[in-house]
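S.K.: This one is my_file-v5.pdb, PDB, C-alpha atoms.
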ATOM      1  CA  MET A   1      -2.221  13.619   3.248
ATOM      2  CA  MET A   2      -2.072  15.385   6.616
ATOM      3  CA  GLU A   3      -4.952  17.472   7.924
ATOM      4  CA  LEU A   4      -5.074  20.861   6.226
ATOM      5  CA  SER A   5      -5.248  22.602   9.595
ATOM      6  CA  THR A   6      -1.945  20.942  10.542
ATOM      7  CA  MET A   7      -0.429  21.925   7.193
ATOM      8  CA  LYS A   8      -1.574  25.522   7.649
ATOM      9  CA  ALA A   9      -0.001  25.704  11.116
ATOM     10  CA  GLY A  10       3.221  24.053   9.940
ATOM     11  CA  PHE A  11       3.725  26.458   7.076
ATOM     12  CA  SER A  12       3.098  29.497   9.282
ATOM     13  CA  SER A  13       6.665  29.368  10.619
ATOM     14  CA  LEU A  14       9.821  27.270  10.813
ATOM     15  CA  GLU A  15       9.646  27.114  14.606
ATOM     16  CA  VAL A  16       8.985  23.375  14.901
ATOM     17  CA  ALA A  17      11.582  22.511  12.254
ATOM     18  CA  GLU A  18      14.161  24.750  13.915
ATOM     19  CA  SER A  19      13.477  23.200  17.321
ATOM     20  CA  LEU A  20      13.934  19.697  15.912
ATOM     21  CA  LEU A  21      17.018  20.561  13.885
ATOM     22  CA  LYS A  22      18.845  21.673  17.029
ATOM     23  CA  HIS A  23      19.302  17.966  17.714
ATOM     24  CA  TRP A  24      21.408  17.470  14.564
ATOM     25  CA  GLU A  25      24.592  19.114  13.405
ATOM     26  CA  HIS A  26      23.768  21.623  10.655
ATOM     27  CA  ASP A  27      24.933  24.744   8.906
ATOM     28  CA  GLU A  28      23.125  27.780  10.308
ATOM     29  CA  GLY A  29      20.738  29.549   7.952
ATOM     30  CA  THR A  30      20.331  26.660   5.501
ATOM     31  CA  LEU A  31      16.946  25.307   6.650
ATOM     32  CA  ARG A  32      14.244  25.556   3.973
ATOM     33  CA  PHE A  33      10.765  24.056   3.546
ATOM     34  CA  TRP A  34      10.817  21.395   0.833
ATOM     35  CA  ARG A  35       7.343  19.896   0.668
ATOM     36  CA  ALA A  36       4.347  18.772   2.731
ATOM     37  CA  SER A  37       2.022  15.841   2.182
ATOM     38  CA  SER A  38       1.627  13.216   4.881
ATOM     39  CA  ASN A  39       4.670  14.807   6.578
ATOM     40  CA  PHE A  40       6.573  18.063   6.509
ATOM     41  CA  VAL A  41       9.963  17.879   4.815
ATOM     42  CA  CYS A  42      12.681  20.521   5.081
ATOM     43  CA  ALA A  43      16.059  20.605   3.379
ATOM     44  CA  PHE A  44      19.206  21.799   5.139
ATOM     45  CA  GLU A  45      22.951  21.495   4.812
ATOM     46  CA  ARG A  46      25.712  20.138   7.013
ATOM     47  CA  LYS A  47      29.217  21.074   5.928
ATOM     48  CA  GLY A  48      27.768  21.969   2.554
ATOM     49  CA  ILE A  49      26.083  18.580   2.058
ATOM     50  CA  ARG A  50      22.291  18.415   1.722
ATOM     51  CA  PHE A  51      20.132  16.463   4.166
ATOM     52  CA  PHE A  52      16.390  16.314   4.763
ATOM     53  CA  LEU A  53      14.464  16.760   8.002
ATOM     54  CA  ARG A  54      11.094  15.008   7.985
ATOM     55  CA  PHE A  55       8.670  15.643  10.808
ATOM     56  CA  SER A  56       5.067  14.787  11.555
ATOM     57  CA  PHE A  57       2.446  15.744  14.121
ATOM     58  CA  GLU A  58       1.628  13.130  16.740
ATOM     59  CA  ASP A  59      -1.950  12.858  15.420
ATOM     60  CA  GLU A  60      -0.590  11.918  11.988
ATOM     61  CA  ASN A  61       1.959   9.274  13.044
ATOM     62  CA  THR A  62       3.214   7.358  16.066
ATOM     63  CA  LEU A  63       6.660   6.706  17.461
ATOM     64  CA  GLU A  64       6.180   2.945  17.045
ATOM     65  CA  GLN A  65       5.272   3.291  13.366
ATOM     66  CA  ILE A  66       8.333   5.421  12.657
ATOM     67  CA  LYS A  67      10.634   3.026  14.529
ATOM     68  CA  GLU A  68       9.350   0.095  12.473
ATOM     69  CA  GLU A  69       9.772   2.095   9.256
ATOM     70  CA  LEU A  70      13.396   2.855  10.121
ATOM     71  CA  ASP A  71      14.074  -0.747  11.214
ATOM     72  CA  PHE A  72      12.884  -1.961   7.819
ATOM     73  CA  MET A  73      15.078   0.565   6.026
ATOM     74  CA  GLU A  74      18.065  -0.496   8.136
ATOM     75  CA  TYR A  75      17.409  -4.118   7.183
ATOM     76  CA  LEU A  76      17.253  -3.187   3.498
ATOM     77  CA  LYS A  77      20.504  -1.210   3.720
ATOM     78  CA  LYS A  78      22.270  -4.132   5.421
ATOM     79  CA  ASN A  79      21.210  -6.271   2.476
ATOM     80  CA  SER A  80      22.620  -3.798  -0.062
ATOM     81  CA  PHE A  81      19.272  -2.425  -1.188
ATOM     82  CA  PRO A  82      19.749   1.213  -2.283
ATOM     83  CA  CYS A  83      17.667   3.479  -0.082
ATOM     84  CA  VAL A  84      18.414   6.639   1.855
ATOM     85  CA  SER A  85      19.748   6.387   5.401
ATOM     86  CA  PRO A  86      18.419   7.903   8.635
ATOM     87  CA  ILE A  87      21.038  10.015  10.425
ATOM     88  CA  LEU A  88      21.779   9.803  14.138
ATOM     89  CA  SER A  89      21.178  12.963  16.147
ATOM     90  CA  LEU A  90      23.642  14.560  18.548
ATOM     91  CA  ASN A  91      21.812  12.568  21.239
ATOM     92  CA  ASN A  92      22.536   9.342  19.330
ATOM     93  CA  ASN A  93      18.872   8.929  18.410
ATOM     94  CA  PHE A  94      17.296   8.404  15.007
ATOM     95  CA  ILE A  95      14.048  10.035  16.174
ATOM     96  CA  GLU A  96      13.761  13.250  18.162
ATOM     97  CA  THR A  97      10.630  14.809  19.648
ATOM     98  CA  VAL A  98       9.601  18.370  20.429
ATOM     99  CA  GLU A  99       6.547  19.467  22.364
ATOM    100  CA  THR A 100       4.501  22.494  21.374
ATOM    101  CA  SER A 101       1.300  24.053  22.671
ATOM    102  CA  ASP A 102      -0.530  22.056  19.972
ATOM    103  CA  GLY A 103       1.137  18.729  20.775
ATOM    104  CA  GLY A 104       4.231  16.717  19.920
ATOM    105  CA  TYR A 105       6.167  16.389  16.677
ATOM    106  CA  PHE A 106       8.479  13.527  15.674
ATOM    107  CA  GLY A 107      11.518  14.340  13.565
ATOM    108  CA  VAL A 108      13.909  12.184  11.518
ATOM    109  CA  VAL A 109      16.832  13.271   9.333
ATOM    110  CA  PHE A 110      17.683  11.411   6.124
ATOM    111  CA  SER A 111      20.582  11.537   3.732
ATOM    112  CA  ALA A 112      19.865  12.922   0.274
ATOM    113  CA  ALA A 113      19.323  10.345  -2.458
ATOM    114  CA  ASN A 114      21.909   9.835  -5.165
ATOM    115  CA  GLY A 115      20.816  10.242  -8.773
ATOM    116  CA  THR A 116      18.052  12.205 -10.465
ATOM    117  CA  GLN A 117      14.289  11.888 -10.546
ATOM    118  CA  LEU A 118      12.768  10.703 -13.805
ATOM    119  CA  ASP A 119       9.786  12.544 -15.210
ATOM    120  CA  GLU A 120       6.733  10.326 -15.701
ATOM    121  CA  GLU A 121       5.705  12.512 -18.614
ATOM    122  CA  GLU A 122       8.884  11.702 -20.497
ATOM    123  CA  ASP A 123       9.460   8.657 -22.688
ATOM    124  CA  LEU A 124      11.379   6.369 -20.356
ATOM    125  CA  LEU A 125      13.782   3.881 -21.827
ATOM    126  CA  ASP A 126      12.829   0.208 -21.632
ATOM    127  CA  SER A 127      15.992  -0.344 -19.570
ATOM    128  CA  GLN A 128      14.775   2.231 -17.037
ATOM    129  CA  LEU A 129      11.291   0.743 -16.845
ATOM    130  CA  GLU A 130      12.704  -2.761 -16.445
ATOM    131  CA  GLN A 131      15.066  -1.601 -13.704
ATOM    132  CA  TRP A 132      12.137   0.054 -11.948
ATOM    133  CA  GLY A 133      10.412  -3.336 -11.898
ATOM    134  CA  ARG A 134      13.576  -5.182 -10.849
ATOM    135  CA  SER A 135      14.076  -2.765  -7.993
ATOM    136  CA  LEU A 136      10.598  -3.377  -6.609
ATOM    137  CA  ALA A 137      10.956  -7.153  -6.981
ATOM    138  CA  THR A 138      14.280  -7.009  -5.128
ATOM    139  CA  LEU A 139      12.591  -5.148  -2.278
ATOM    140  CA  HIS A 140       9.849  -7.792  -2.172
ATOM    141  CA  ASN A 141      12.377 -10.630  -2.073
ATOM    142  CA  LEU A 142      14.054  -8.993   0.901
ATOM    143  CA  SER A 143      10.690  -8.371   2.566
ATOM    144  CA  MET A 144       9.914 -12.087   2.331
ATOM    145  CA  ASN A 145      12.788 -12.763   4.739
ATOM    146  CA  TYR A 146      12.258  -9.753   6.994
ATOM    147  CA  GLU A 147      11.528 -11.023  10.487
ATOM    148  CA  ILE A 148      10.797  -9.033  13.616
ATOM    149  CA  LYS A 149       9.504 -10.129  17.001
ATOM    150  CA  ASN A 150       6.525  -7.779  17.101
ATOM    151  CA  LYS A 151       4.899  -6.556  13.897
ATOM    152  CA  LYS A 152       3.950  -3.040  14.913
ATOM    153  CA  ARG A 153       3.926  -1.614  11.410
ATOM    154  CA  LYS A 154       0.403  -1.037  10.093
ATOM    155  CA  SER A 155      -1.266  -3.540   7.771
ATOM    156  CA  TRP A 156      -4.114  -3.554   5.271
ATOM    157  CA  GLN A 157      -6.416  -4.425   8.177
ATOM    158  CA  ASP A 158      -5.380  -1.245   9.996
ATOM    159  CA  THR A 159      -5.900   0.681   6.776
ATOM    160  CA  LEU A 160      -9.419  -0.709   6.400
ATOM    161  CA  LEU A 161     -10.163   0.333   9.994
ATOM    162  CA  PHE A 162      -8.873   3.822   9.214
ATOM    163  CA  ILE A 163     -11.127   4.001   6.142
ATOM    164  CA  LYS A 164     -14.126   2.774   8.128
ATOM    165  CA  ASN A 165     -13.576   5.362  10.879
ATOM    166  CA  VAL A 166     -13.288   8.197   8.367
ATOM    167  CA  LEU A 167     -16.449   7.145   6.540
ATOM    168  CA  ASN A 168     -18.305   6.991   9.845
ATOM    169  CA  HIS A 169     -17.744  10.756  10.057
ATOM    170  CA  HIS A 170     -19.304  11.191   6.605
ATOM    171  CA  PRO A 171     -22.732   9.513   6.726
ATOM    172  CA  LEU A 172     -23.698  10.688   3.225
ATOM    173  CA  GLU A 173     -20.832   8.870   1.491
ATOM    174  CA  ASN A 174     -22.986   5.867   0.662
ATOM    175  CA  GLU A 175     -21.128   4.829  -2.496
ATOM    176  CA  ALA A 176     -17.818   4.879  -0.631
ATOM    177  CA  LYS A 177     -19.294   2.738   2.149
ATOM    178  CA  LYS A 178     -20.525   0.179  -0.385
ATOM    179  CA  GLU A 179     -17.065   0.160  -1.934
ATOM    180  CA  TYR A 180     -15.519  -0.312   1.495
ATOM    181  CA  HIS A 181     -17.629  -3.410   2.201
ATOM    182  CA  THR A 182     -16.839  -4.851  -1.237
ATOM    183  CA  ILE A 183     -13.093  -4.326  -0.882
ATOM    184  CA  SER A 184     -13.011  -5.487   2.741
ATOM    185  CA  HIS A 185     -14.838  -8.724   1.932
ATOM    186  CA  TRP A 186     -12.562  -9.352  -1.050
ATOM    187  CA  LEU A 187      -9.312  -8.739   0.854
ATOM    188  CA  HIS A 188     -10.373 -11.043   3.672
ATOM    189  CA  SER A 189     -10.921 -13.788   1.094
ATOM    190  CA  LEU A 190      -7.352 -13.667  -0.246
ATOM    191  CA  LEU A 191      -4.765 -16.249   0.716
ATOM    192  CA  VAL A 192      -1.603 -15.131   2.503
ATOM    193  CA  SER A 193       1.742 -16.767   1.786
ATOM    194  CA  LYS A 194       5.387 -15.855   2.243
ATOM    195  CA  ASN A 195       5.802 -15.538  -1.509
ATOM    196  CA  THR A 196       2.876 -13.146  -2.007
ATOM    197  CA  TYR A 197       2.623 -11.107   1.194
ATOM    198  CA  GLY A 198       4.895  -8.951   3.327
ATOM    199  CA  LEU A 199       5.935  -5.411   4.198
ATOM    200  CA  ILE A 200       5.563  -3.299   1.052
ATOM    201  CA  HIS A 201       6.638   0.252   0.197
ATOM    202  CA  TYR A 202       3.169   1.277  -1.050
ATOM    203  CA  ASP A 203       4.384   4.406  -2.856
ATOM    204  CA  PHE A 204       6.996   3.042  -5.273
ATOM    205  CA  GLN A 205       6.271   5.687  -7.882
ATOM    206  CA  LEU A 206       8.915   7.598  -9.767
ATOM    207  CA  ASP A 207       8.777  10.661  -7.512
ATOM    208  CA  ASN A 208      10.200   8.472  -4.736
ATOM    209  CA  LEU A 209      12.952   6.960  -6.904
ATOM    210  CA  PHE A 210      16.272   8.525  -7.929
ATOM    211  CA  TYR A 211      17.941   7.106 -11.012
ATOM    212  CA  ASP A 212      21.689   6.555 -11.278
ATOM    213  CA  ALA A 213      22.386   6.373 -15.023
ATOM    214  CA  LYS A 214      25.935   5.125 -14.528
ATOM    215  CA  ASP A 215      24.972   2.073 -12.494
ATOM    216  CA  VAL A 216      21.442   1.790 -13.950
ATOM    217  CA  THR A 217      19.953   1.604 -10.457
ATOM    218  CA  PHE A 218      17.346   3.422  -8.386
ATOM    219  CA  GLU A 219      17.787   4.766  -4.862
ATOM    220  CA  ILE A 220      14.538   4.800  -2.897
ATOM    221  CA  ILE A 221      13.084   7.338  -0.481
ATOM    222  CA  ASP A 222       9.905   7.744   1.582
ATOM    223  CA  PHE A 223       8.938   4.493   3.288
ATOM    224  CA  ASP A 224       6.372   6.332   5.396
ATOM    225  CA  ASP A 225       3.399   4.595   3.747
ATOM    226  CA  SER A 226       4.854   1.094   4.091
ATOM    227  CA  MET A 227       2.423  -1.531   5.339
ATOM    228  CA  TYR A 228       1.892  -5.290   5.424
ATOM    229  CA  HIS A 229       0.013  -6.154   2.262
ATOM    230  CA  TRP A 230       0.136  -8.349  -0.815
ATOM    231  CA  PHE A 231       3.135  -7.662  -3.052
ATOM    232  CA  ALA A 232       0.807  -7.275  -6.039
ATOM    233  CA  GLN A 233      -0.645  -4.196  -4.345
ATOM    234  CA  ASP A 234       2.813  -2.596  -4.447
ATOM    235  CA  VAL A 235       3.046  -3.255  -8.195
ATOM    236  CA  VAL A 236      -0.375  -1.686  -8.717
ATOM    237  CA  THR A 237       0.446   1.372  -6.616
ATOM    238  CA  ALA A 238       3.681   1.883  -8.551
ATOM    239  CA  LEU A 239       1.891   1.606 -11.904
ATOM    240  CA  THR A 240      -1.336   3.409 -11.014
ATOM    241  CA  ASP A 241      -0.936   6.152 -13.609
ATOM    242  CA  GLU A 242      -0.196   3.620 -16.343
ATOM    243  CA  LEU A 243      -2.998   1.253 -15.331
ATOM    244  CA  GLU A 244      -5.507   4.099 -15.425
ATOM    245  CA  SER A 245      -4.309   5.392 -18.780
ATOM    246  CA  GLU A 246      -5.866   4.347 -22.079
ATOM    247  CA  GLN A 247      -2.830   5.448 -24.090
ATOM    248  CA  PRO A 248      -1.165   2.665 -26.155
ATOM    249  CA  ALA A 249       2.216   3.662 -24.730
ATOM    250  CA  SER A 250       1.020   2.824 -21.210
ATOM    251  CA  LYS A 251       0.622  -0.872 -22.003
ATOM    252  CA  LYS A 252       4.165  -0.917 -23.355
ATOM    253  CA  ARG A 253       5.490   0.731 -20.170
ATOM    254  CA  ILE A 254       3.577  -1.733 -17.975
ATOM    255  CA  ASN A 255       4.941  -4.699 -19.906
ATOM    256  CA  ALA A 256       8.520  -3.401 -19.607
ATOM    257  CA  PHE A 257       8.089  -2.906 -15.837
ATOM    258  CA  LEU A 258       6.627  -6.400 -15.400
ATOM    259  CA  LYS A 259       9.387  -7.913 -17.548
ATOM    260  CA  GLY A 260      11.965  -6.409 -15.218
ATOM    261  CA  TYR A 261      10.033  -7.483 -12.112
ATOM    262  CA  ARG A 262       9.808 -11.075 -13.312
ATOM    263  CA  THR A 263      13.589 -11.322 -13.738
ATOM    264  CA  LYS A 264      13.798 -11.172  -9.950
ATOM    265  CA  LYS A 265      10.491 -12.480  -8.632
ATOM    266  CA  GLU A 266       7.550 -14.539  -9.820
ATOM    267  CA  LEU A 267       4.385 -12.665 -10.739
ATOM    268  CA  SER A 268       1.690 -14.994 -12.034
ATOM    269  CA  GLU A 269      -1.182 -14.213 -14.372
ATOM    270  CA  GLU A 270      -3.448 -14.880 -11.402
ATOM    271  CA  ASP A 271      -1.666 -12.063  -9.548
ATOM    272  CA  ILE A 272      -2.182  -9.739 -12.502
ATOM    273  CA  ASP A 273      -5.883 -10.620 -12.562
ATOM    274  CA  LEU A 274      -6.072  -9.102  -9.063
ATOM    275  CA  PHE A 275      -4.763  -5.719 -10.227
ATOM    276  CA  PRO A 276      -8.195  -4.073 -10.790
ATOM    277  CA  MET A 277      -9.328  -4.831  -7.232
ATOM    278  CA  PHE A 278      -6.044  -3.670  -5.727
ATOM    279  CA  LEU A 279      -6.431  -0.477  -7.729
ATOM    280  CA  ARG A 280      -9.875  -0.029  -6.170
ATOM    281  CA  PHE A 281      -8.330  -0.460  -2.705
ATOM    282  CA  SER A 282      -5.848   2.326  -3.509
ATOM    283  CA  LYS A 283      -8.646   4.612  -4.677
ATOM    284  CA  LEU A 284     -10.709   3.976  -1.567
ATOM    285  CA  TYR A 285      -7.735   4.598   0.723
ATOM    286  CA  GLN A 286      -6.853   7.802  -1.122
ATOM    287  CA  PHE A 287     -10.479   8.931  -0.859
ATOM    288  CA  ALA A 288     -10.523   8.416   2.910
ATOM    289  CA  ARG A 289      -7.208  10.213   3.382
ATOM    290  CA  LEU A 290      -8.435  13.201   1.391
ATOM    291  CA  LEU A 291     -11.697  13.376   3.332
ATOM    292  CA  ARG A 292      -9.843  13.254   6.636
ATOM    293  CA  SER A 293      -7.388  15.946   5.564
ATOM    294  CA  MET A 294     -10.245  18.401   5.126
ATOM    295  CA  GLU A 295     -12.255  17.495   8.232
ATOM    296  CA  SER A 296     -10.672  19.915  10.704
ATOM    297  CA  SER A 297     -10.368  22.876   8.339
ATOM    298  CA  THR A 298     -13.239  25.291   7.732
ATOM    299  CA  GLY A 299     -11.611  27.127   4.841
ATOM    300  CA  GLU A 300     -11.934  30.457   6.648
ATOM    301  CA  ASP A 301      -8.913  32.766   6.614
ATOM    302  CA  ASP A 302      -6.984  30.337   4.427
ATOM    303  CA  PRO A 303      -3.969  31.679   2.559
ATOM    304  CA  ALA A 304      -4.302  31.557  -1.230
ATOM    305  CA  TRP A 305      -2.088  28.478  -1.608
ATOM    306  CA  LEU A 306      -4.220  26.515   0.853
ATOM    307  CA  GLY A 307      -7.436  27.569  -0.847
ATOM    308  CA  ASN A 308      -6.042  26.376  -4.161
ATOM    309  CA  LEU A 309      -4.975  23.077  -2.604
ATOM    310  CA  ARG A 310      -8.409  22.588  -1.054
ATOM    311  CA  GLY A 311     -10.002  23.100  -4.465
ATOM    312  CA  LYS A 312      -7.742  20.446  -5.994
ATOM    313  CA  LEU A 313      -8.532  17.997  -3.198
ATOM    314  CA  ILE A 314     -12.279  18.524  -3.589
ATOM    315  CA  SER A 315     -11.971  17.886  -7.331
ATOM    316  CA  LYS A 316     -10.030  14.681  -6.687
ATOM    317  CA  VAL A 317     -12.618  13.487  -4.164
ATOM    318  CA  ASP A 318     -15.376  14.089  -6.720
ATOM    319  CA  GLU A 319     -13.383  12.181  -9.337
ATOM    320  CA  ILE A 320     -13.002   9.163  -7.054
ATOM    321  CA  ARG A 321     -16.707   9.249  -6.149
ATOM    322  CA  LYS A 322     -17.414   8.838  -9.839
ATOM    323  CA  CYS A 323     -15.216   5.713  -9.839
ATOM    324  CA  PHE A 324     -17.281   4.267  -6.996
ATOM    325  CA  ARG A 325     -20.463   4.781  -8.988
ATOM    326  CA  GLU A 326     -18.970   3.196 -12.085
ATOM    327  CA  SER A 327     -17.824   0.143 -10.103
ATOM    328  CA  GLU A 328     -21.454  -0.518  -9.136
ATOM    329  CA  ILE A 329     -22.563  -0.722 -12.761
TER     330      ILE A 329
END
Could I get this file's structure written as structure tokens?
M.R.:
Amino acid sequence: MMELSTMKAGFSSLEVAESLLKHWEHDEGTLRFWRASSNFVCAFERKGIRFFLRFSFEDENTLEQIKEELDFMEYLKKNSFPCVSPILSLNNNFIETVETSDGGYFGVVFSAANGTQLDEEEDLLDSQLEQWGRSLATLHNLSMNYEIKNKKRKSWQDTLLFIKNVLNHHPLENEAKKEYHTISHWLHSLLVSKNTYGLIHYDFQLDNLFYDAKDVTFEIIDFDDSMYHWFAQDVVTALTDELESEQPASKKRINAFLKGYRTKKELSEEDIDLFPMFLRFSKLYQFARLLRSMESSTGEDDPAWLGNLRGKLISKVDEIRKCFRESEI
């Protein structure tokens, strides 16, 4: 989640998006805001075909992180893994930069994904759930053999440092700080091996997957949160909603996902025993990101949509605080 002040400025006009889009061929008048979370995303058309411009403020991302993200995606594509493709600009670059009075923005254009998004609220077929698991396991198998000279992409250690720095700005978040020390100590105790650790997607949920019913495959988007971590963390992040649910149907969905995953990659019972702690890591990271997003925004003169969003974020932060308290019991 980007800072709310950045989101407010970004939604005030299309100026930054228009400046970036000049670097790619496009149909005039087709640029539209699509969504904003950790990045801004706009849709546009080129010769009637939809593409997506993603851009982020320099305080939210770095050029090195984006380059590593795109390198990983290129590697996956070369190995026939279905994910969207970055599109070269008119300058023959995958990443373009514009400078504003507030600072720099990095822009990337991606192809649109093939297929349709599945609704998590719907009753998914076992074949769809199993393919979801197979798709993630296939990504992990490819990640095991992904080699680069300099690992510049962030890792769980960098994420812990981010969490620590955010909490240092919030001295009253004592429960979160206790949770941080617990999770940090636990992660540092885990063994690292080629079979269990590598570059993961970290947001392999259904809103980032597009289902092709004909081929029974998923095409993947949004590798922006990718980091070096244990593969089991990726499974947990994908299944967070199901793991947190007490509905009987959730266990069935989890089992179908894991059945599909295990057709492609080993996942031991010992790995599954780690799920609750990896879920706590996700909660702590989400908590820190939400706190940071609200740090630079006072709430004054906010448009109605931003006020509503702030209220939802505050409610989510309170909900996670409750989880920290319960974990101490």
S.K.: Could you spell out the hits of the PyMOL selection byres ((chain A and resi 97-113) around 7) on the shown file, as a ChimeraX atom specification?
M.R.: /A:19-20,50-58,84-87,94-96,114-115,210,219
S.K.: Between CA of Phe218 in chain A and CA of Ser268 in chain A, what is the spacing in Å?
M.R.: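 Spanning CA of Ser268 in chain A to CA of Phe218 in chain A is a straight-line distance of 24.4 Å.
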S.K.: For this file, the PyMOL selection byres ((chain A and resi 293-310) around 6) selects which residues, as number ranges by chain?
M.R.: A: 2-5, 290-292, 311-313
S.K.: Those residues you just picked out, can you put them in a file as a JSON list (two decimals), in the coordinates of the input with C-alpha atoms?
M.R.:
[["chain", "number", "residue", "atom", "x", "y", "z"],
["A", 2, "MET", "CA", -2.07, 15.38, 6.62],
["A", 3, "GLU", "CA", -4.95, 17.47, 7.92],
["A", 4, "LEU", "CA", -5.07, 20.86, 6.23],
["A", 5, "SER", "CA", -5.25, 22.60, 9.60],
["A", 290, "LEU", "CA", -8.44, 13.20, 1.39],
["A", 291, "LEU", "CA", -11.70, 13.38, 3.33],
["A", 292, "ARG", "CA", -9.84, 13.25, 6.64],
["A", 311, "GLY", "CA", -10.00, 23.10, -4.46],
["A", 312, "LYS", "CA", -7.74, 20.45, -5.99],
["A", 313, "LEU", "CA", -8.53, 18.00, -3.20]]
S.K.: Please indicate the distance in Å from CA of Tyr180 in chain A to CA of Ser37 in chain A, rounded to one decimal place.
M.R.: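 Separation of CA of Tyr180 in chain A and CA of Ser37 in chain A: 23.9 Å.
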S.K.: Evaluating the PyMOL selection byres ((chain A and resi 261) around 6) on the displayed file yields which residues, as number ranges by chain?
M.R.: A: 133-134, 137, 258-260, 262-264
S.K.: With 5 Å added on each side, what axis-aligned box encloses every listed atom of range 32-36 of chain A? Give the centre and edge lengths in Å to one decimal, as AutoDock Vina command-line options.
M.R.:
--center_x 9.3 --center_y 22.2 --center_z 2.3 --size_x 19.9 --size_y 16.8 --size_z 13.3
S.K.: Could you check which of A:Ser327, A:Ser89, A:Gln205, A:Ser245 is closest to Leu136 in chain A, using only C-alpha atoms?
M.R.: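 Checking each of A:Ser327, A:Ser89, A:Gln205, A:Ser245 against Leu136 in chain A, counting only C-alpha atoms, the winner is A:Gln205.
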S.K.: Excluding Gly48 in chain A and its own-chain neighbours fewer than 2 positions away, which residues fall within 12 Å of it when counting only C-alpha atoms? Please give them as a list in words.
M.R.: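 Here the qualifying residues turn out to be Glu25, His26, Asp27, Glu28, Gly29, Thr30, Ala43, Phe44, Glu45, Arg46, Arg50 and Phe51 of chain A.
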S.K.: For the residues in that selection, give me C-alpha atoms as a CSV table (one decimal), in the frame of the given file.
M.R.:
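Result file is again.csv:
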chain,number,residue,atom,x,y,z
A,25,GLU,CA,24.6,19.1,13.4
A,26,HIS,CA,23.8,21.6,10.7
A,27,ASP,CA,24.9,24.7,8.9
A,28,GLU,CA,23.1,27.8,10.3
A,29,GLY,CA,20.7,29.5,8.0
A,30,THR,CA,20.3,26.7,5.5
A,43,ALA,CA,16.1,20.6,3.4
A,44,PHE,CA,19.2,21.8,5.1
A,45,GLU,CA,23.0,21.5,4.8
A,46,ARG,CA,25.7,20.1,7.0
A,50,ARG,CA,22.3,18.4,1.7
A,51,PHE,CA,20.1,16.5,4.2
S.K.: For Asp318 in chain A, list every protein, DNA or RNA residue within 12 Å, evaluated using only C-alpha atoms, and leave out those in the same chain fewer than 3 positions away; present the list as a ChimeraX atom specification.
M.R.: /A:173,175-176,283,286-287,290-291,311-315,321-325
S.K.: Keeping C-alpha atoms for every residue in the selection just given, could you write it to a file as a PDB file, keeping the file's coordinate frame?
M.R.:
ATOM      1  CA  GLU A 173     -20.832   8.870   1.491  1.00  0.00           C
ATOM      2  CA  GLU A 175     -21.128   4.829  -2.496  1.00  0.00           C
ATOM      3  CA  ALA A 176     -17.818   4.879  -0.631  1.00  0.00           C
ATOM      4  CA  LYS A 283      -8.646   4.612  -4.677  1.00  0.00           C
ATOM      5  CA  GLN A 286      -6.853   7.802  -1.122  1.00  0.00           C
ATOM      6  CA  PHE A 287     -10.479   8.931  -0.859  1.00  0.00           C
ATOM      7  CA  LEU A 290      -8.435  13.201   1.391  1.00  0.00           C
ATOM      8  CA  LEU A 291     -11.697  13.376   3.332  1.00  0.00           C
ATOM      9  CA  GLY A 311     -10.002  23.100  -4.465  1.00  0.00           C
ATOM     10  CA  LYS A 312      -7.742  20.446  -5.994  1.00  0.00           C
ATOM     11  CA  LEU A 313      -8.532  17.997  -3.198  1.00  0.00           C
ATOM     12  CA  ILE A 314     -12.279  18.524  -3.589  1.00  0.00           C
ATOM     13  CA  SER A 315     -11.971  17.886  -7.331  1.00  0.00           C
ATOM     14  CA  ARG A 321     -16.707   9.249  -6.149  1.00  0.00           C
ATOM     15  CA  LYS A 322     -17.414   8.838  -9.839  1.00  0.00           C
ATOM     16  CA  CYS A 323     -15.216   5.713  -9.839  1.00  0.00           C
ATOM     17  CA  PHE A 324     -17.281   4.267  -6.996  1.00  0.00           C
ATOM     18  CA  ARG A 325     -20.463   4.781  -8.988  1.00  0.00           C
TER      19      ARG A 325
END
S.K.: Calculate how many Å separate CA of Trp24 in chain A from CA of Ile66 in chain A, rounding to one decimal.
M.R.: 17.9 Å
S.K.: Contacts of range 246-253 of chain A at 8 Å or less, counting all atoms listed in the file, minus same-chain residues fewer than 3 places along, as a ChimeraX atom specification?
M.R.: /A:126,129,242-243,256-257
S.K.: Would you kindly return, as a PyMOL selection string, each protein, DNA or RNA residue with an atom no farther than 10 Å from any atom of Asn195 in chain A, considering all atoms listed in the file and excluding same-chain residues fewer than 6 positions away?
M.R.: chain A and resi 140-141+143-145+230-231+265-267
S.K.: Excluding range 148-165 of chain A and any residue of its chain fewer than 4 positions from it, enumerate the residues within 8 Å of it, using only C-alpha atoms, and give them as a ChimeraX atom specification.
M.R.: /A:64-65,68-69,169,177,180,184,226-229,284-285,288-289
S.K.: Restricting the calculation to only C-alpha atoms, which member of A:Leu125, A:Leu70, A:Leu63, A:Leu31 is positioned closest to Asp222 in chain A?
M.R.: A:Leu70
